[in-house]
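Shown next: coords-v5.cif, given as mmCIF, N, CA and C atoms.
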data_start
#
loop_
_atom_site.label_atom_id
_atom_site.label_comp_id
_atom_site.auth_asym_id
_atom_site.auth_seq_id
_atom_site.Cartn_x
_atom_site.Cartn_y
_atom_site.Cartn_z
N ASN A 108 -7.16 -3.59 -43.99
CA ASN A 108 -7.83 -4.38 -44.99
C ASN A 108 -7.46 -5.86 -44.78
N PRO A 109 -8.43 -6.71 -44.56
CA PRO A 109 -8.13 -8.13 -44.29
C PRO A 109 -7.51 -8.87 -45.48
N HIS A 110 -7.63 -8.33 -46.69
CA HIS A 110 -7.07 -8.99 -47.86
C HIS A 110 -5.58 -8.74 -48.03
N THR A 111 -5.02 -7.79 -47.29
CA THR A 111 -3.60 -7.48 -47.41
C THR A 111 -2.80 -7.89 -46.18
N VAL A 112 -3.46 -8.47 -45.19
CA VAL A 112 -2.77 -8.92 -43.98
C VAL A 112 -2.08 -10.25 -44.26
N PRO A 113 -0.80 -10.38 -43.92
CA PRO A 113 -0.11 -11.65 -44.18
C PRO A 113 -0.76 -12.82 -43.45
N THR A 114 -0.76 -13.96 -44.10
CA THR A 114 -1.29 -15.19 -43.51
C THR A 114 -0.13 -16.13 -43.23
N MET A 115 -0.43 -17.29 -42.68
CA MET A 115 0.62 -18.28 -42.45
C MET A 115 1.26 -18.72 -43.76
N GLN A 116 0.49 -18.72 -44.83
CA GLN A 116 1.07 -19.09 -46.12
C GLN A 116 2.13 -18.09 -46.55
N SER A 117 1.94 -16.82 -46.22
CA SER A 117 2.93 -15.80 -46.54
C SER A 117 4.22 -16.04 -45.77
N TYR A 118 4.09 -16.31 -44.49
CA TYR A 118 5.26 -16.57 -43.66
C TYR A 118 5.96 -17.86 -44.08
N ASN A 119 5.17 -18.89 -44.37
CA ASN A 119 5.76 -20.16 -44.77
C ASN A 119 6.45 -20.07 -46.13
N ALA A 120 5.98 -19.17 -46.99
CA ALA A 120 6.62 -19.00 -48.29
C ALA A 120 8.06 -18.51 -48.12
N VAL A 121 8.27 -17.61 -47.19
CA VAL A 121 9.63 -17.12 -46.91
C VAL A 121 10.49 -18.27 -46.40
N LEU A 122 9.97 -19.05 -45.47
CA LEU A 122 10.73 -20.19 -44.95
C LEU A 122 11.03 -21.21 -46.04
N ARG A 123 10.05 -21.45 -46.91
CA ARG A 123 10.25 -22.41 -48.00
C ARG A 123 11.36 -21.92 -48.95
N CYS A 124 11.40 -20.63 -49.21
CA CYS A 124 12.47 -20.08 -50.06
C CYS A 124 13.84 -20.29 -49.43
N ILE A 125 13.94 -20.04 -48.13
CA ILE A 125 15.22 -20.24 -47.45
C ILE A 125 15.60 -21.72 -47.46
N ALA A 126 14.62 -22.59 -47.22
CA ALA A 126 14.89 -24.03 -47.18
C ALA A 126 15.34 -24.57 -48.54
N ASN A 127 14.96 -23.90 -49.60
CA ASN A 127 15.32 -24.36 -50.95
C ASN A 127 16.46 -23.57 -51.57
N MET A 128 17.15 -22.77 -50.77
CA MET A 128 18.27 -21.99 -51.29
C MET A 128 19.42 -22.91 -51.71
N PRO A 129 20.04 -22.63 -52.83
CA PRO A 129 21.15 -23.47 -53.29
C PRO A 129 22.49 -23.05 -52.69
N ILE A 130 22.56 -22.94 -51.36
CA ILE A 130 23.83 -22.57 -50.74
C ILE A 130 24.29 -23.68 -49.82
N GLN A 131 25.56 -23.76 -49.64
CA GLN A 131 26.15 -24.74 -48.74
C GLN A 131 26.78 -24.00 -47.58
N TRP A 132 26.60 -24.51 -46.38
CA TRP A 132 27.09 -23.82 -45.19
C TRP A 132 28.59 -23.66 -45.18
N GLU A 133 29.31 -24.57 -45.78
CA GLU A 133 30.77 -24.50 -45.72
C GLU A 133 31.36 -23.51 -46.73
N LYS A 134 30.58 -23.07 -47.72
CA LYS A 134 31.11 -22.20 -48.77
C LYS A 134 30.73 -20.73 -48.59
N HIS A 135 29.57 -20.46 -48.07
CA HIS A 135 29.06 -19.09 -48.02
C HIS A 135 28.61 -18.75 -46.60
N GLU A 136 29.54 -18.47 -45.72
CA GLU A 136 29.21 -18.24 -44.31
C GLU A 136 28.33 -17.01 -44.11
N GLU A 137 28.59 -15.95 -44.85
CA GLU A 137 27.80 -14.72 -44.68
C GLU A 137 26.35 -14.94 -45.11
N ARG A 138 26.15 -15.58 -46.24
CA ARG A 138 24.78 -15.88 -46.70
C ARG A 138 24.08 -16.83 -45.74
N ARG A 139 24.84 -17.83 -45.28
CA ARG A 139 24.27 -18.79 -44.31
C ARG A 139 23.81 -18.07 -43.06
N ASP A 140 24.65 -17.20 -42.51
CA ASP A 140 24.30 -16.49 -41.29
C ASP A 140 23.07 -15.61 -41.48
N GLN A 141 23.00 -14.95 -42.64
CA GLN A 141 21.84 -14.09 -42.91
C GLN A 141 20.57 -14.93 -43.08
N ALA A 142 20.68 -16.06 -43.76
CA ALA A 142 19.51 -16.93 -43.94
C ALA A 142 19.02 -17.48 -42.60
N LEU A 143 19.96 -17.90 -41.75
CA LEU A 143 19.58 -18.40 -40.41
C LEU A 143 18.94 -17.30 -39.58
N ALA A 144 19.50 -16.09 -39.63
CA ALA A 144 18.93 -14.97 -38.87
C ALA A 144 17.52 -14.66 -39.35
N ASN A 145 17.30 -14.68 -40.65
CA ASN A 145 15.96 -14.41 -41.18
C ASN A 145 14.97 -15.50 -40.79
N ALA A 146 15.39 -16.75 -40.91
CA ALA A 146 14.48 -17.86 -40.59
C ALA A 146 14.10 -17.87 -39.11
N PHE A 147 15.10 -17.75 -38.24
CA PHE A 147 14.78 -17.79 -36.82
C PHE A 147 14.12 -16.50 -36.34
N GLY A 148 14.39 -15.38 -37.00
CA GLY A 148 13.68 -14.15 -36.70
C GLY A 148 12.20 -14.26 -37.04
N LEU A 149 11.91 -14.88 -38.18
CA LEU A 149 10.52 -15.09 -38.58
C LEU A 149 9.82 -16.05 -37.62
N LEU A 150 10.51 -17.13 -37.24
CA LEU A 150 9.92 -18.07 -36.28
C LEU A 150 9.64 -17.38 -34.95
N ASP A 151 10.56 -16.53 -34.52
CA ASP A 151 10.38 -15.78 -33.27
C ASP A 151 9.17 -14.84 -33.38
N ALA A 152 9.02 -14.18 -34.53
CA ALA A 152 7.88 -13.29 -34.72
C ALA A 152 6.56 -14.06 -34.67
N LEU A 153 6.55 -15.26 -35.24
CA LEU A 153 5.35 -16.09 -35.19
C LEU A 153 5.08 -16.58 -33.77
N THR A 154 6.13 -16.92 -33.06
CA THR A 154 5.98 -17.44 -31.70
C THR A 154 5.42 -16.37 -30.77
N HIS A 155 5.83 -15.14 -30.98
CA HIS A 155 5.43 -14.05 -30.09
C HIS A 155 4.43 -13.11 -30.75
N SER A 156 3.64 -13.63 -31.69
CA SER A 156 2.64 -12.82 -32.37
C SER A 156 1.60 -12.32 -31.37
N GLU A 157 1.39 -11.02 -31.35
CA GLU A 157 0.46 -10.43 -30.39
C GLU A 157 -1.00 -10.69 -30.74
N THR A 158 -1.28 -10.85 -32.02
CA THR A 158 -2.68 -11.02 -32.41
C THR A 158 -3.20 -12.41 -32.08
N GLY A 159 -2.34 -13.40 -32.08
CA GLY A 159 -2.78 -14.77 -31.84
C GLY A 159 -3.45 -15.38 -33.05
N ARG A 160 -3.58 -14.59 -34.13
CA ARG A 160 -4.24 -15.07 -35.34
C ARG A 160 -3.34 -16.03 -36.12
N LEU A 161 -2.03 -15.80 -36.04
CA LEU A 161 -1.09 -16.65 -36.75
C LEU A 161 -0.60 -17.75 -35.83
N GLN A 162 -0.72 -18.98 -36.27
CA GLN A 162 -0.27 -20.11 -35.48
C GLN A 162 0.67 -20.95 -36.32
N ARG A 163 1.80 -21.29 -35.73
CA ARG A 163 2.76 -22.14 -36.43
C ARG A 163 2.08 -23.46 -36.77
N ASN A 164 2.40 -23.98 -37.94
CA ASN A 164 1.77 -25.22 -38.36
C ASN A 164 2.84 -26.24 -38.77
N ALA A 165 2.40 -27.37 -39.29
CA ALA A 165 3.34 -28.43 -39.66
C ALA A 165 4.31 -27.97 -40.73
N ALA A 166 3.84 -27.17 -41.66
CA ALA A 166 4.73 -26.67 -42.72
C ALA A 166 5.82 -25.78 -42.13
N THR A 167 5.47 -24.96 -41.17
CA THR A 167 6.46 -24.08 -40.53
C THR A 167 7.58 -24.91 -39.91
N ILE A 168 7.21 -25.93 -39.16
CA ILE A 168 8.22 -26.77 -38.50
C ILE A 168 9.02 -27.56 -39.52
N THR A 169 8.36 -28.08 -40.55
CA THR A 169 9.06 -28.83 -41.59
C THR A 169 10.10 -27.96 -42.28
N TYR A 170 9.72 -26.75 -42.66
CA TYR A 170 10.67 -25.86 -43.33
C TYR A 170 11.83 -25.48 -42.40
N MET A 171 11.55 -25.26 -41.13
CA MET A 171 12.62 -24.92 -40.19
C MET A 171 13.60 -26.09 -40.05
N LEU A 172 13.08 -27.31 -40.00
CA LEU A 172 13.97 -28.48 -39.93
C LEU A 172 14.81 -28.60 -41.19
N GLN A 173 14.22 -28.32 -42.34
CA GLN A 173 14.98 -28.36 -43.59
C GLN A 173 16.06 -27.28 -43.62
N ILE A 174 15.75 -26.11 -43.09
CA ILE A 174 16.72 -25.01 -43.03
C ILE A 174 17.89 -25.38 -42.14
N VAL A 175 17.60 -25.95 -40.99
CA VAL A 175 18.66 -26.35 -40.07
C VAL A 175 19.54 -27.41 -40.72
N ARG A 176 18.94 -28.36 -41.41
CA ARG A 176 19.72 -29.40 -42.08
C ARG A 176 20.59 -28.81 -43.17
N LEU A 177 20.07 -27.85 -43.92
CA LEU A 177 20.80 -27.26 -45.04
C LEU A 177 21.95 -26.37 -44.57
N LEU A 178 21.73 -25.61 -43.51
CA LEU A 178 22.66 -24.53 -43.19
C LEU A 178 23.60 -24.81 -42.01
N LEU A 179 23.36 -25.85 -41.25
CA LEU A 179 24.24 -26.15 -40.12
C LEU A 179 24.95 -27.48 -40.34
N PRO A 180 26.22 -27.55 -39.98
CA PRO A 180 26.93 -28.83 -40.12
C PRO A 180 26.43 -29.83 -39.08
N PRO A 181 26.62 -31.13 -39.34
CA PRO A 181 26.22 -32.13 -38.35
C PRO A 181 27.00 -31.92 -37.05
N CYS A 182 26.29 -31.65 -35.99
CA CYS A 182 26.93 -31.42 -34.69
C CYS A 182 25.86 -31.46 -33.60
N ARG A 183 26.31 -31.38 -32.39
CA ARG A 183 25.40 -31.43 -31.26
C ARG A 183 24.42 -30.24 -31.26
N THR A 184 24.88 -29.08 -31.68
CA THR A 184 24.02 -27.91 -31.75
C THR A 184 22.87 -28.14 -32.71
N ARG A 185 23.17 -28.67 -33.90
CA ARG A 185 22.12 -28.96 -34.87
C ARG A 185 21.14 -29.97 -34.29
N GLY A 186 21.65 -30.98 -33.59
CA GLY A 186 20.78 -31.97 -32.95
C GLY A 186 19.87 -31.34 -31.91
N ASN A 187 20.42 -30.45 -31.09
CA ASN A 187 19.61 -29.79 -30.07
C ASN A 187 18.53 -28.90 -30.67
N ILE A 188 18.87 -28.19 -31.75
CA ILE A 188 17.88 -27.34 -32.40
C ILE A 188 16.75 -28.18 -32.99
N THR A 189 17.10 -29.31 -33.63
CA THR A 189 16.06 -30.15 -34.23
C THR A 189 15.16 -30.76 -33.15
N VAL A 190 15.74 -31.14 -32.04
CA VAL A 190 14.93 -31.69 -30.95
C VAL A 190 13.99 -30.62 -30.40
N THR A 191 14.46 -29.40 -30.29
CA THR A 191 13.62 -28.30 -29.83
C THR A 191 12.48 -28.03 -30.81
N LEU A 192 12.78 -28.06 -32.11
CA LEU A 192 11.73 -27.88 -33.11
C LEU A 192 10.71 -29.03 -33.05
N TRP A 193 11.21 -30.26 -32.82
CA TRP A 193 10.29 -31.39 -32.67
C TRP A 193 9.37 -31.17 -31.47
N ASP A 194 9.95 -30.77 -30.36
CA ASP A 194 9.14 -30.53 -29.16
C ASP A 194 8.10 -29.44 -29.41
N MET A 195 8.48 -28.42 -30.17
CA MET A 195 7.53 -27.36 -30.52
C MET A 195 6.38 -27.94 -31.33
N ALA A 196 6.69 -28.77 -32.31
CA ALA A 196 5.65 -29.40 -33.13
C ALA A 196 4.75 -30.29 -32.29
N ALA A 197 5.35 -31.06 -31.38
CA ALA A 197 4.56 -31.95 -30.53
C ALA A 197 3.65 -31.15 -29.60
N ASN A 198 4.16 -30.07 -29.03
CA ASN A 198 3.34 -29.24 -28.14
C ASN A 198 2.22 -28.54 -28.88
N LEU A 199 2.46 -28.18 -30.14
CA LEU A 199 1.41 -27.56 -30.94
C LEU A 199 0.43 -28.60 -31.49
N GLY A 200 0.83 -29.86 -31.47
CA GLY A 200 -0.02 -30.94 -31.99
C GLY A 200 -0.03 -30.99 -33.50
N VAL A 201 1.08 -30.62 -34.15
CA VAL A 201 1.10 -30.57 -35.61
C VAL A 201 2.08 -31.57 -36.23
N VAL A 202 2.44 -32.61 -35.52
CA VAL A 202 3.35 -33.62 -36.07
C VAL A 202 2.62 -34.39 -37.17
N ASP A 203 3.24 -34.44 -38.33
CA ASP A 203 2.72 -35.25 -39.43
C ASP A 203 3.90 -35.94 -40.11
N ARG A 204 3.64 -36.67 -41.18
CA ARG A 204 4.72 -37.44 -41.80
C ARG A 204 5.81 -36.54 -42.36
N HIS A 205 5.47 -35.32 -42.79
CA HIS A 205 6.48 -34.40 -43.31
C HIS A 205 7.42 -33.93 -42.21
N VAL A 206 6.88 -33.67 -41.03
CA VAL A 206 7.71 -33.28 -39.89
C VAL A 206 8.63 -34.43 -39.51
N ILE A 207 8.09 -35.65 -39.49
CA ILE A 207 8.89 -36.82 -39.13
C ILE A 207 10.03 -37.02 -40.13
N GLU A 208 9.72 -36.92 -41.43
CA GLU A 208 10.75 -37.10 -42.45
C GLU A 208 11.83 -36.02 -42.35
N ALA A 209 11.42 -34.77 -42.15
CA ALA A 209 12.39 -33.68 -42.03
C ALA A 209 13.24 -33.83 -40.77
N PHE A 210 12.62 -34.31 -39.69
CA PHE A 210 13.35 -34.51 -38.44
C PHE A 210 14.44 -35.56 -38.62
N HIS A 211 14.09 -36.68 -39.25
CA HIS A 211 15.08 -37.74 -39.47
C HIS A 211 16.14 -37.32 -40.48
N ALA A 212 15.74 -36.55 -41.49
CA ALA A 212 16.72 -36.06 -42.47
C ALA A 212 17.73 -35.11 -41.82
N ALA A 213 17.27 -34.34 -40.85
CA ALA A 213 18.15 -33.40 -40.15
C ALA A 213 19.16 -34.13 -39.26
N HIS A 214 18.92 -35.39 -39.00
CA HIS A 214 19.86 -36.20 -38.20
C HIS A 214 20.65 -37.16 -39.07
N SER A 215 20.73 -36.85 -40.35
CA SER A 215 21.52 -37.67 -41.26
C SER A 215 22.45 -36.77 -42.06
N PRO A 216 23.73 -36.83 -41.90
CA PRO A 216 24.48 -37.72 -41.03
C PRO A 216 24.25 -37.41 -39.56
N SER A 217 24.65 -38.32 -38.73
CA SER A 217 24.35 -38.26 -37.30
C SER A 217 24.89 -36.99 -36.65
N ASN A 218 24.09 -36.44 -35.72
CA ASN A 218 24.49 -35.30 -34.93
C ASN A 218 25.11 -35.72 -33.60
N GLY A 219 25.17 -37.01 -33.37
CA GLY A 219 25.76 -37.53 -32.15
C GLY A 219 24.96 -38.71 -31.62
N ASP A 220 25.62 -39.55 -30.84
CA ASP A 220 24.98 -40.76 -30.32
C ASP A 220 23.88 -40.45 -29.31
N GLU A 221 23.94 -39.30 -28.66
CA GLU A 221 22.92 -38.99 -27.64
C GLU A 221 21.53 -38.79 -28.24
N PHE A 222 21.43 -38.63 -29.56
CA PHE A 222 20.13 -38.42 -30.19
C PHE A 222 19.51 -39.73 -30.70
N ALA A 223 20.25 -40.82 -30.69
CA ALA A 223 19.75 -42.10 -31.19
C ALA A 223 18.46 -42.56 -30.49
N PRO A 224 18.40 -42.54 -29.14
CA PRO A 224 17.14 -42.96 -28.51
C PRO A 224 15.98 -42.04 -28.85
N TYR A 225 16.26 -40.78 -29.02
CA TYR A 225 15.22 -39.81 -29.37
C TYR A 225 14.68 -40.09 -30.76
N LEU A 226 15.56 -40.44 -31.70
CA LEU A 226 15.14 -40.75 -33.06
C LEU A 226 14.33 -42.03 -33.12
N GLU A 227 14.71 -43.02 -32.33
CA GLU A 227 14.04 -44.31 -32.33
C GLU A 227 12.57 -44.19 -31.94
N LYS A 228 12.27 -43.31 -30.99
CA LYS A 228 10.90 -43.15 -30.51
C LYS A 228 10.02 -42.37 -31.49
N ARG A 229 10.62 -41.71 -32.46
CA ARG A 229 9.88 -40.83 -33.36
C ARG A 229 10.02 -41.27 -34.81
N LYS A 230 9.74 -42.54 -35.06
CA LYS A 230 9.94 -43.11 -36.39
C LYS A 230 8.67 -43.16 -37.22
N VAL A 231 7.61 -43.65 -36.65
CA VAL A 231 6.43 -43.97 -37.43
C VAL A 231 5.26 -43.11 -36.98
N TYR A 232 4.59 -42.53 -37.96
CA TYR A 232 3.47 -41.63 -37.67
C TYR A 232 2.32 -42.31 -36.93
N VAL A 233 2.03 -43.55 -37.26
CA VAL A 233 0.88 -44.23 -36.65
C VAL A 233 1.07 -44.48 -35.16
N ASP A 234 2.30 -44.48 -34.69
CA ASP A 234 2.56 -44.73 -33.28
C ASP A 234 2.63 -43.47 -32.44
N MET A 235 2.36 -42.32 -33.03
CA MET A 235 2.48 -41.06 -32.31
C MET A 235 1.31 -40.87 -31.35
N PRO A 236 1.59 -40.32 -30.18
CA PRO A 236 0.48 -40.02 -29.25
C PRO A 236 -0.47 -38.99 -29.86
N ASN A 237 -1.73 -39.08 -29.53
CA ASN A 237 -2.74 -38.19 -30.10
C ASN A 237 -2.43 -36.72 -29.84
N GLN A 238 -1.86 -36.41 -28.70
CA GLN A 238 -1.58 -35.00 -28.39
C GLN A 238 -0.54 -34.40 -29.34
N TRP A 239 0.29 -35.23 -29.96
CA TRP A 239 1.29 -34.72 -30.91
C TRP A 239 0.69 -34.46 -32.28
N VAL A 240 -0.39 -35.15 -32.62
CA VAL A 240 -0.94 -35.08 -33.98
C VAL A 240 -2.33 -34.47 -34.04
N ARG A 241 -2.84 -33.98 -32.95
CA ARG A 241 -4.24 -33.56 -32.88
C ARG A 241 -4.61 -32.44 -33.86
N HIS A 242 -3.67 -31.57 -34.23
CA HIS A 242 -3.97 -30.47 -35.15
C HIS A 242 -3.24 -30.60 -36.48
N ALA A 243 -2.65 -31.76 -36.74
CA ALA A 243 -1.79 -31.92 -37.92
C ALA A 243 -2.54 -31.67 -39.23
N LYS A 244 -3.72 -32.21 -39.39
CA LYS A 244 -4.46 -32.01 -40.64
C LYS A 244 -5.04 -30.61 -40.72
N GLN A 245 -5.55 -30.14 -39.62
CA GLN A 245 -6.19 -28.82 -39.59
C GLN A 245 -5.20 -27.70 -39.88
N ARG A 246 -3.98 -27.84 -39.38
CA ARG A 246 -3.00 -26.75 -39.51
C ARG A 246 -1.88 -27.07 -40.50
N ARG A 247 -2.14 -27.87 -41.49
CA ARG A 247 -1.07 -28.17 -42.45
C ARG A 247 -0.82 -26.98 -43.37
N HIS A 248 -1.71 -26.75 -44.32
CA HIS A 248 -1.58 -25.63 -45.24
C HIS A 248 -2.90 -24.91 -45.40
N GLY A 249 -3.80 -25.07 -44.44
CA GLY A 249 -5.13 -24.52 -44.57
C GLY A 249 -5.14 -23.04 -44.85
N ARG A 250 -6.15 -22.58 -45.54
CA ARG A 250 -6.27 -21.18 -45.89
C ARG A 250 -6.32 -20.30 -44.64
N ARG A 251 -6.94 -20.80 -43.62
CA ARG A 251 -7.08 -20.04 -42.38
C ARG A 251 -5.73 -19.82 -41.71
N TYR A 252 -4.81 -20.73 -41.87
CA TYR A 252 -3.52 -20.63 -41.20
C TYR A 252 -2.46 -20.26 -42.19
#
Would you encode the structure as structure tokens?
Amino acid sequence: NPHTVPTMQSYNAVLRCIANMPIQWEKHEERRDQALANAFGLLDALTHSETGRLQRNAATITYMLQIVRLLLPPCRTRGNITVTLWDMAANLGVVDRHVIEAFHAAHSPSNGDEFAPYLEKRKVYVDMPNQWVRHAKQRRHGRRY
């Protein structure tokens, strides 16, 4: 039945719940680990979806960046994960102002000096190459996705 098949909004709702959890990484390690496993498991399921009907969108990347900021301490690993999520958004063409804001928030406090040049190039939405933003409006929260 097409009315009971999960949509991108269903998947993003789970990510949004994790991103808004009132937990701190330094206090609840078990909850943090479970939340990270669920979030990255869901992202993996979307990435390797066999139907091709579900496509990651700007909201997916934004929520993942928020999750990484919430649940991982500032470190090189967090910086590498955020850069990988940015590259995923750029390759999908879904970079929008929400992705940019979440990306910069995930690097505050700093994850290391090696990320400074990367942050500098990704500041303003109007300066983004077209290939990074080509699907940003279409795949934000649309009913189809």
Within 5 Å of segment 197-214 of chain A: each segment 133-193 of chain A residue with its shortest pair, all atoms listed in the file, as a Markdown table:
| residue | atom | partner | partner_atom | distance |
| --- | --- | --- | --- | --- |
| A:Ala165 | CA | A:Val201 | C | 4.8 |
| A:Thr169 | CA | A:Val206 | CA | 5.0 |
| A:Arg176 | CA | A:Ala213 | CA | 4.7 |
| A:Trp193 | C | A:Ala197 | N | 4.0 |
Report task. Take atom CA of Leu153 of chain A and atom C of Met171 of chain A and report the distance between them in Å, one decimal. Result -> 13.8 Å
Query raised in the report: For Leu172 of chain A, which residue among A:Ser156, A:Leu192, A:Thr114, A:Gly186 is the nearest when counting only N, CA and C atoms?
Result: A:Leu192
Requested in this report: Figure out the distance between atom N of Asp220 of chain A and atom N of Thr167 of chain A, please, to one decimal in Å.
Outcome: 26.9 Å
Requested in this report: Rank A:Leu161, A:Ile168, A:Val190, A:Ala126 by their smallest atom-to-atom distance to Pro113 of chain A, using all atoms listed in the file, and report the top residue only.
Outcome: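 The shortest atom-to-atom distance to Pro113 of chain A comes from A:Leu161.
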Query raised in the report: Where does the PyMOL selection byres ((chain A and resi 135-151) around 8) land in this file, that is, which residues does it pick, as a PyMOL selection string?
Result: chain A and resi 118+121-122+125+130-134+152-156+171+174-175+177-179
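Put simply, atom C of Ser215 of chain A is 23.7 Å away from atom CA of Asn119 of chain A.
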Requested in this report: Pull the alpha helix (DSSP H) assignments for segment 124-226 of chain A out of DSSP run on the backbone, and list those residues as an MDAnalysis selection string.
Outcome: chainID A and resid 124:126 136:154 165:178 183:199 204:212 223:226
Requested in this report: List, as an MDAnalysis selection string, every residue that the PyMOL selection byres ((chain A and resi 218) around 5) selects in the file provided.
Outcome: chainID A and resid 181:183 214 216:217 219:220
Report task. Using all atoms listed in the file, give me every residue within 5 Å of (0.6, -20.7, -39.9) in file coordinates, as a VMD selection string. Result -> chain A and resid 115 162 to 164 252
